[in-house]
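What follows is the content of target16.cif, which has mmCIF, C-alpha atoms and all ligand atoms:
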```
data_model
loop_
_atom_site.label_atom_id
_atom_site.label_comp_id
_atom_site.auth_asym_id
_atom_site.auth_seq_id
_atom_site.Cartn_x
_atom_site.Cartn_y
_atom_site.Cartn_z
CA MET A 1 0.00 0.00 0.00
CA LYS A 2 1.40 3.41 -1.01
CA GLN A 3 0.88 6.25 1.47
CA VAL A 4 0.23 9.51 -0.37
CA PHE A 5 -0.60 13.08 0.60
CA VAL A 6 -2.09 15.82 -1.59
CA ALA A 7 -1.87 19.42 -0.33
CA GLY A 8 -4.63 21.53 -1.89
CA SER A 9 -7.18 18.77 -2.52
CA GLY A 10 -10.36 20.86 -2.18
CA SER A 11 -10.87 21.60 -5.87
CA GLY A 12 -9.22 21.50 -9.28
CA ILE A 13 -6.06 19.49 -9.86
CA GLY A 14 -5.61 18.39 -6.23
CA GLU A 15 -9.21 17.25 -5.80
CA SER A 16 -9.14 15.31 -9.07
CA LEU A 17 -5.89 13.60 -8.04
CA LEU A 18 -7.21 12.76 -4.55
CA ARG A 19 -10.35 11.16 -6.04
CA LYS A 20 -8.38 9.23 -8.65
CA LEU A 21 -5.91 7.86 -6.10
CA ASP A 22 -8.68 7.05 -3.63
CA SER A 23 -10.32 4.82 -6.22
CA ARG A 24 -7.26 2.51 -6.04
CA GLU A 25 -7.01 -0.26 -3.46
CA ASP A 26 -3.22 -0.08 -3.36
CA VAL A 27 -3.09 3.61 -2.33
CA PHE A 28 -3.95 5.23 1.02
CA VAL A 29 -4.38 8.92 0.26
CA ASN A 30 -5.29 12.00 2.26
CA GLY A 31 -5.30 15.69 1.56
CA ILE A 32 -5.81 19.12 3.09
CA SER A 33 -7.51 22.34 2.11
CA ARG A 34 -9.81 24.97 3.63
CA ARG A 35 -12.98 23.07 2.76
CA GLY A 36 -11.74 19.80 4.27
CA GLU A 37 -13.23 18.08 7.32
CA PHE A 38 -12.30 19.08 10.86
CA PHE A 39 -10.22 16.57 12.80
CA SER A 40 -9.50 15.86 16.44
CA GLY A 41 -6.60 14.06 18.06
CA ASP A 42 -8.63 10.91 18.80
CA ASN A 43 -9.73 10.39 15.18
CA LYS A 44 -8.16 7.61 13.13
CA ILE A 45 -7.13 8.86 9.72
CA GLU A 46 -9.55 7.77 7.00
CA LYS A 47 -8.60 6.78 3.46
CA GLY A 48 -9.51 9.40 0.88
CA LYS A 49 -10.35 12.13 3.38
CA ASN A 50 -9.61 15.79 2.71
CA TYR A 51 -8.85 17.43 6.08
CA ARG A 52 -9.42 21.05 7.01
CA CYS A 53 -6.40 23.36 7.09
CA ASP A 54 -5.88 26.95 5.98
CA LEU A 55 -2.39 26.80 4.54
CA LYS A 56 -1.96 30.55 5.00
CA SER A 57 -1.92 29.94 8.76
CA GLU A 58 1.28 28.53 10.24
CA LYS A 59 -0.69 27.72 13.41
CA GLU A 60 -3.23 25.61 11.47
CA ILE A 61 -0.42 23.82 9.63
CA ASP A 62 1.28 23.02 12.95
CA LEU A 63 -1.98 21.66 14.42
CA PHE A 64 -2.61 19.49 11.37
CA VAL A 65 0.96 18.20 11.26
CA ASP A 66 0.79 17.24 14.97
CA PHE A 67 -2.44 15.32 14.31
CA TYR A 68 -1.34 13.62 11.10
CA LEU A 69 2.27 12.81 11.80
CA GLY A 70 1.20 11.24 15.08
CA LYS A 71 -0.55 8.62 12.94
CA ILE A 72 1.74 7.81 10.00
CA LYS A 73 5.35 6.69 10.04
CA ILE A 74 6.04 6.61 6.28
CA LEU A 75 5.04 8.80 3.35
CA ASP A 76 5.74 7.62 -0.20
CA ALA A 77 4.55 10.67 -2.14
CA LEU A 78 3.70 14.30 -1.43
CA TYR A 79 1.93 16.27 -4.18
CA LEU A 80 1.93 20.05 -3.66
CA CYS A 81 -1.18 21.30 -5.48
CA ALA A 82 -2.35 24.25 -3.34
CA GLY A 83 -2.09 27.71 -4.80
CA ASP A 84 -4.00 30.72 -5.92
CA GLY A 85 -3.76 33.31 -8.65
CA LEU A 86 -3.23 37.07 -8.30
CA PHE A 87 -3.77 38.56 -11.72
CA LYS A 88 -3.60 42.37 -11.71
CA PRO A 89 -1.28 45.05 -13.03
CA ILE A 90 1.46 45.76 -10.49
CA SER A 91 -0.04 49.16 -9.64
CA GLY A 92 -3.19 47.39 -8.38
CA ILE A 93 -1.39 45.01 -6.01
CA SER A 94 -1.03 46.12 -2.39
CA GLY A 95 1.82 44.99 -0.16
CA SER A 96 -0.61 42.90 1.88
CA ASP A 97 -2.05 41.24 -1.29
CA TRP A 98 1.52 40.33 -2.23
CA ASP A 99 2.34 38.91 1.22
CA ASP A 100 -0.92 36.97 1.36
CA HIS A 101 -0.27 35.41 -2.06
CA PHE A 102 3.26 34.37 -1.06
CA LEU A 103 1.99 32.84 2.21
CA LEU A 104 0.07 30.22 0.22
CA ASN A 105 2.08 29.87 -2.98
CA VAL A 106 5.53 29.80 -1.38
CA LYS A 107 5.66 29.63 2.43
CA SER A 108 3.06 26.88 2.90
CA ASN A 109 5.12 24.59 0.63
CA PHE A 110 8.24 25.26 2.70
CA LEU A 111 6.36 24.48 5.96
CA LEU A 112 4.82 21.26 4.62
CA LEU A 113 8.08 20.01 3.13
CA LYS A 114 9.89 20.63 6.40
CA ALA A 115 7.18 18.83 8.37
CA PHE A 116 6.93 15.79 6.08
CA TYR A 117 10.67 15.32 5.54
CA PRO A 118 11.14 12.78 8.40
CA VAL A 119 8.36 10.48 7.12
CA LEU A 120 9.41 10.82 3.46
CA LYS A 121 12.89 9.67 4.47
CA ASN A 122 11.35 6.47 5.88
CA SER A 123 9.90 5.39 2.51
CA GLU A 124 11.66 2.95 0.16
CA ALA A 125 11.08 5.17 -2.91
CA PRO A 126 9.82 8.60 -1.85
CA PHE A 127 9.09 11.62 -4.01
CA VAL A 128 7.72 15.14 -3.81
CA CYS A 129 5.84 16.55 -6.81
CA PHE A 130 5.68 20.32 -7.25
CA ILE A 131 2.79 21.56 -9.42
CA SER A 132 4.42 24.50 -11.11
CA SER A 133 3.38 26.62 -14.06
CA THR A 134 4.35 28.17 -17.37
CA ALA A 135 4.52 31.28 -15.16
CA ALA A 136 7.70 29.80 -13.64
CA LYS A 137 9.27 29.72 -17.10
CA LYS A 138 7.98 32.91 -18.74
CA GLY A 139 6.57 36.30 -17.82
CA PHE A 140 2.96 37.33 -18.48
CA PRO A 141 1.26 40.73 -18.18
CA ASP A 142 -0.87 41.32 -15.07
CA SER A 143 0.89 38.39 -13.41
CA SER A 144 3.87 39.88 -11.55
CA ALA A 145 2.97 38.32 -8.17
CA TYR A 146 1.98 34.97 -9.71
CA CYS A 147 5.12 34.75 -11.88
CA ALA A 148 7.30 35.74 -8.91
CA SER A 149 5.72 33.17 -6.56
CA LYS A 150 5.94 30.37 -9.15
CA HIS A 151 9.59 31.19 -9.92
CA ALA A 152 10.28 31.20 -6.16
CA VAL A 153 8.80 27.73 -5.67
CA THR A 154 10.87 26.44 -8.56
CA GLY A 155 13.97 27.65 -6.72
CA LEU A 156 12.84 25.77 -3.63
CA ALA A 157 12.34 22.61 -5.73
CA LYS A 158 15.76 22.90 -7.38
CA ALA A 159 17.50 23.29 -4.02
CA LEU A 160 15.71 20.34 -2.43
CA ARG A 161 16.44 18.18 -5.47
CA GLU A 162 20.14 18.53 -4.54
CA GLU A 163 19.76 18.63 -0.76
CA TRP A 164 17.63 15.47 -0.55
CA LYS A 165 19.68 13.25 -2.88
CA PRO A 166 21.46 11.58 0.04
CA ASP A 167 18.05 10.67 1.52
CA ARG A 168 16.89 9.20 -1.85
CA ILE A 169 13.91 11.60 -1.89
CA ARG A 170 13.16 12.42 -5.52
CA VAL A 171 11.91 15.89 -6.39
CA PHE A 172 9.69 16.25 -9.48
CA THR A 173 8.70 19.61 -10.96
CA ILE A 174 5.74 19.71 -13.34
CA PHE A 175 5.32 22.93 -15.29
CA LEU A 176 1.74 23.25 -16.46
CA GLY A 177 0.10 25.31 -19.11
CA ALA A 178 -3.63 25.98 -18.85
CA VAL A 179 -5.65 23.26 -17.13
CA SER A 180 -9.43 23.62 -17.01
CA THR A 181 -10.15 24.39 -13.32
CA ASP A 182 -11.90 27.11 -11.34
CA ILE A 183 -8.65 29.11 -11.11
CA TRP A 184 -9.78 30.51 -14.52
CA ASN A 185 -13.28 31.50 -13.37
CA ASP A 186 -12.57 35.23 -13.32
CA ARG A 187 -10.74 35.23 -16.66
CA PRO A 188 -13.46 34.70 -19.31
CA GLU A 189 -11.10 35.80 -22.09
CA PHE A 190 -9.53 32.30 -21.87
CA ASP A 191 -11.64 29.48 -23.33
CA ARG A 192 -11.80 26.39 -21.07
CA LYS A 193 -12.18 24.22 -24.20
CA ASP A 194 -8.58 25.12 -25.15
CA MET A 195 -7.19 23.77 -21.86
CA ILE A 196 -5.86 20.43 -20.61
CA GLU A 197 -8.64 18.34 -19.09
CA VAL A 198 -8.11 17.97 -15.33
CA GLY A 199 -8.91 14.23 -15.24
CA ALA A 200 -6.30 13.57 -17.94
CA LEU A 201 -3.73 15.48 -15.91
CA SER A 202 -4.46 13.59 -12.70
CA GLN A 203 -4.09 10.30 -14.59
CA TYR A 204 -0.59 11.45 -15.60
CA LEU A 205 0.26 12.50 -12.02
CA GLU A 206 -1.04 9.18 -10.67
CA SER A 207 1.38 7.28 -12.92
CA PHE A 208 4.36 8.75 -11.00
CA LEU A 209 3.56 6.40 -8.12
CA PHE A 210 4.56 3.45 -10.26
CA LEU A 211 7.78 4.79 -11.76
CA ASP A 212 10.94 2.94 -10.96
CA LYS A 213 12.76 4.57 -8.05
CA SER A 214 15.83 5.11 -10.27
CA ILE A 215 13.89 7.79 -12.22
CA ASN A 216 13.67 11.45 -11.20
CA ILE A 217 11.42 13.76 -13.24
CA GLU A 218 13.63 16.85 -13.23
CA GLU A 219 11.18 18.89 -15.30
CA SER A 220 8.06 17.95 -17.17
CA TYR A 221 6.43 20.74 -19.21
CA LEU A 222 2.83 20.05 -20.24
CA LEU A 223 0.90 22.35 -22.55
CA PRO A 224 -2.51 22.07 -24.16
CA LEU A 225 -2.59 21.27 -27.87
CA LYS A 226 -2.93 24.99 -28.62
CA GLY A 227 0.26 25.79 -26.67
CA VAL A 228 0.63 28.73 -24.26
CA LEU A 229 -2.79 30.46 -24.27
N1 LIG B 301 -5.27 25.45 -13.68
C1 LIG B 301 -4.21 25.87 -14.36
O1 LIG B 301 -4.30 26.27 -15.53
C2 LIG B 301 -2.85 25.84 -13.71
C3 LIG B 301 -1.73 26.00 -14.54
C4 LIG B 301 -0.47 26.00 -13.95
C5 LIG B 301 -0.34 25.83 -12.59
N2 LIG B 301 -1.45 25.70 -11.81
C6 LIG B 301 -1.26 25.56 -10.38
O2 LIG B 301 -1.89 24.40 -9.92
C7 LIG B 301 -2.26 24.56 -8.54
C8 LIG B 301 -3.72 24.14 -8.37
O3 LIG B 301 -4.54 25.01 -9.11
P1 LIG B 301 -5.97 24.61 -9.69
O4 LIG B 301 -5.97 24.98 -11.12
O5 LIG B 301 -6.31 23.22 -9.29
O6 LIG B 301 -6.90 25.68 -8.97
P2 LIG B 301 -8.01 25.56 -7.84
O7 LIG B 301 -9.12 24.69 -8.30
O8 LIG B 301 -8.32 26.96 -7.46
O9 LIG B 301 -7.26 24.80 -6.67
C9 LIG B 301 -6.57 25.45 -5.64
C10 LIG B 301 -6.41 24.46 -4.51
O10 LIG B 301 -5.73 25.10 -3.43
C11 LIG B 301 -6.55 25.01 -2.26
N3 LIG B 301 -6.36 26.23 -1.48
C12 LIG B 301 -6.53 27.51 -1.89
N4 LIG B 301 -6.30 28.36 -0.86
C13 LIG B 301 -5.97 27.57 0.21
C14 LIG B 301 -5.64 27.85 1.56
N5 LIG B 301 -5.57 29.09 2.03
N6 LIG B 301 -5.37 26.81 2.37
C15 LIG B 301 -5.46 25.54 1.91
N7 LIG B 301 -5.74 25.21 0.66
C16 LIG B 301 -6.01 26.23 -0.19
C17 LIG B 301 -7.98 24.86 -2.76
O11 LIG B 301 -8.84 24.18 -1.85
P3 LIG B 301 -9.84 24.99 -0.85
O12 LIG B 301 -10.54 25.99 -1.69
O13 LIG B 301 -10.71 23.93 -0.26
O14 LIG B 301 -8.95 25.61 0.18
C18 LIG B 301 -7.75 23.96 -3.98
O15 LIG B 301 -7.63 22.62 -3.59
C19 LIG B 301 -2.00 26.04 -8.21
O16 LIG B 301 -0.76 26.14 -7.54
C20 LIG B 301 -1.91 26.69 -9.58
O17 LIG B 301 -1.11 27.83 -9.55
C21 LIG B 301 -2.70 25.68 -12.34
#
```

Would you mind giving the structure from this file in structure tokens?
Amino acid sequence: MKQVFVAGSGSGIGESLLRKLDSREDVFVNGISRRGEFFSGDNKIEKGKNYRCDLKSEKEIDLFVDFYLGKIKILDALYLCAGDGLFKPISGISGSDWDDHFLLNVKSNFLLLKAFYPVLKNSEAPFVCFISSTAAKKGFPDSSAYCASKHAVTGLAKALREEWKPDRIRVFTIFLGAVSTDIWNDRPEFDRKDMIEVGALSQYLESFLFLDKSINIEESYLLPLKGVL
């Protein structure tokens, strides 16, 4: 049985992946997001459950980590799917908008990786999968905060790729073009029909669990047929 964790499993890519993995008998998967279920210390962890945690709150992350890591000893795979968009010209972004965006898109990943490191190390063939973006490769107008946060997370991934080699923890970075999820809801100028279908993406992400442990996906860059929209 593979033990898997999906951060950001309330909607979109993370939710689709959680559901796909939960349909397998050989995978025990959990996730977290704001719309997840509340937990208490006495609860046993339940297969397929999305637990409640606001990843912008270090206190909530600490509480969740205490609960969850009290119950598992090994983690085979950690998928980092939480994130939000901040799409405005730079003049319309306040300092607090910027900080708030970085709390989720950058700092929460750092806190989760630090917390899960001891249990990842205990797996036979562990990996972490960063869900990154074309915005970590290129610049786009009205996307200064988003491009900056996605480039920052890529730096974190590159560093851990080197730092965790001695522990055999593989670090995969998946750069995505447009995927049809609610992150696009406020951007009607982009047609959802031109985007990658979320179920097809989660099928691809699922397949990583069955790669040979000698393989590290340094960078995978997935675009819709139409290319960068
Ligand atoms: N869709 C695309 O075209 C695309 C392309 C490239 C990269 N990406 C990246 O893929 C990741 C997932 O995006 P998506 O398209 O699946 O969008 P989405 O449907 O908006 O998913 C965002 C996820 O993050 C969770 N989340 C948001 N704020 C949170 C918070 N404060 N605490 C905990 N969880 C929080 C959401 O769950 P709750 O609402 O329940 O909290 C949800 O599970 C993001 O990092 C995004 O930048 C997406």

Close residues, Leu211 of chain A itself excluded, 12 Å, only C-alpha atoms, min 6 positions apart in chain, as a ChimeraX atom specification: /A:77,125-127,170,172,204-205,217

Per residue of chain A within 8 Å of ligand LIG 301 (chain B), which atom pair is closest and at what distance in Å (one decimal), using all atoms listed in the file, listed by chain and increasing number, as a tab-separated table?
```
residue	atom	partner	partner_atom	distance
A:Ala7	CA	B:LIG301	N7	7.0
A:Gly8	CA	B:LIG301	O15	3.6
A:Ser9	CA	B:LIG301	O15	4.0
A:Gly10	CA	B:LIG301	O15	3.5
A:Ser11	CA	B:LIG301	O15	4.1
A:Gly12	CA	B:LIG301	O7	3.3
A:Ile13	CA	B:LIG301	O5	3.8
A:Gly14	CA	B:LIG301	O15	5.4
A:Glu15	CA	B:LIG301	O15	6.0
A:Ile32	CA	B:LIG301	C15	6.5
A:Ser33	CA	B:LIG301	N7	3.7
A:Arg34	CA	B:LIG301	O14	3.6
A:Arg35	CA	B:LIG301	O13	3.9
A:Gly36	CA	B:LIG301	O13	6.2
A:Arg52	CA	B:LIG301	C15	7.9
A:Cys53	CA	B:LIG301	C15	5.7
A:Asp54	CA	B:LIG301	N6	3.6
A:Leu55	CA	B:LIG301	N6	3.7
A:Lys56	CA	B:LIG301	N5	4.9
A:Ser57	CA	B:LIG301	N5	7.7
A:Leu80	CA	B:LIG301	O16	7.7
A:Cys81	CA	B:LIG301	C7	4.6
A:Ala82	CA	B:LIG301	O10	3.5
A:Gly83	CA	B:LIG301	O16	3.4
A:Asp84	CA	B:LIG301	O17	5.5
A:Gly85	CA	B:LIG301	O17	6.2
A:Leu104	CA	B:LIG301	N5	6.0
A:Asn105	CA	B:LIG301	O16	6.5
A:Ile131	CA	B:LIG301	O2	5.5
A:Ser132	CA	B:LIG301	C5	5.2
A:Ser133	CA	B:LIG301	C4	3.9
A:Thr134	CA	B:LIG301	C4	6.3
A:Ala135	CA	B:LIG301	C4	7.4
A:Tyr146	CA	B:LIG301	O17	7.8
A:Lys150	CA	B:LIG301	O17	7.5
A:Phe175	CA	B:LIG301	C4	6.7
A:Leu176	CA	B:LIG301	C4	4.3
A:Gly177	CA	B:LIG301	C3	5.0
A:Ala178	CA	B:LIG301	O1	3.4
A:Val179	CA	B:LIG301	O1	3.7
A:Ser180	CA	B:LIG301	N1	5.6
A:Thr181	CA	B:LIG301	O4	4.8
A:Asp182	CA	B:LIG301	O7	4.8
A:Ile183	CA	B:LIG301	O8	4.2
A:Trp184	CA	B:LIG301	N1	6.8
A:Met195	CA	B:LIG301	O1	7.4
A:Ile196	CA	B:LIG301	O1	7.9
```

Would you please work out which residue, of A:Leu63, A:Leu229, A:Gly70, A:Leu75, is nearest to Asp191 of chain A when using all atoms listed in the file? A:Leu229

Pairwise distance, atom CA of Val198 of chain A with atom CA of Gly31 of chain A, equals 17.3 Å

Can you tell me, as a VMD selection string, what residues are no more than 12 Å from Leu21 of chain A when counting only C-alpha atoms, ignoring any on the same chain fewer than 3 positions away? chain A and resid 1 to 6 9 14 to 18 24 to 31 47 to 49 77 79 199 202 to 209

Nearest to Tyr117 of chain A by atom-to-atom distance, counting all atoms listed in the file, from A:Asp194, A:Asp167, A:Glu60, A:Asp186: A:Asp167

Just how far from atom CA of Leu86 of chain A is atom CA of Glu218 of chain A, in Å to one decimal?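 So the two atoms, atom CA of Glu218 of chain A and atom CA of Leu86 of chain A, lie 26.8 Å apart.
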
Interatomic distance (Å, one decimal) between atom CA of Lys73 of chain A and atom CA of Lys121 of chain A: 9.8 Å

Under the rule that all atoms listed in the file are counted, which of A:Cys147, A:Ile61, A:Leu160, A:Val228 is the nearest residue to Ile90 of chain A? A:Cys147

Env of Lys88 of chain A: 9 Å cut, atoms = only C-alpha atoms, seq-sep filter 2 positions within chain, self excluded. Answer as a ChimeraX atom specification. /A:86,90-93,141-145

Once you count all atoms listed in the file, which residues end up no further than 7 Å from (6.6, 19.0, -16.2) in the file's frame, shown as an mmCIF file with C-alpha atoms, in the frame of the given file?
```cif
data_model
loop_
_atom_site.group_PDB
_atom_site.id
_atom_site.type_symbol
_atom_site.label_atom_id
_atom_site.label_comp_id
_atom_site.auth_asym_id
_atom_site.auth_seq_id
_atom_site.Cartn_x
_atom_site.Cartn_y
_atom_site.Cartn_z
ATOM 1 C CA THR A 173 8.700 19.610 -10.960
ATOM 2 C CA ILE A 174 5.740 19.710 -13.340
ATOM 3 C CA PHE A 175 5.320 22.930 -15.290
ATOM 4 C CA LEU A 176 1.740 23.250 -16.460
ATOM 5 C CA GLU A 219 11.180 18.890 -15.300
ATOM 6 C CA SER A 220 8.060 17.950 -17.170
ATOM 7 C CA TYR A 221 6.430 20.740 -19.210
ATOM 8 C CA LEU A 222 2.830 20.050 -20.240
#
```

Between A:Phe130, A:Phe39, A:Trp98, A:Phe190, which one has atoms that come closest to Val65 of chain A, using all atoms listed in the file?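 Distance minimum relative to Val65 of chain A lands on A:Phe39.
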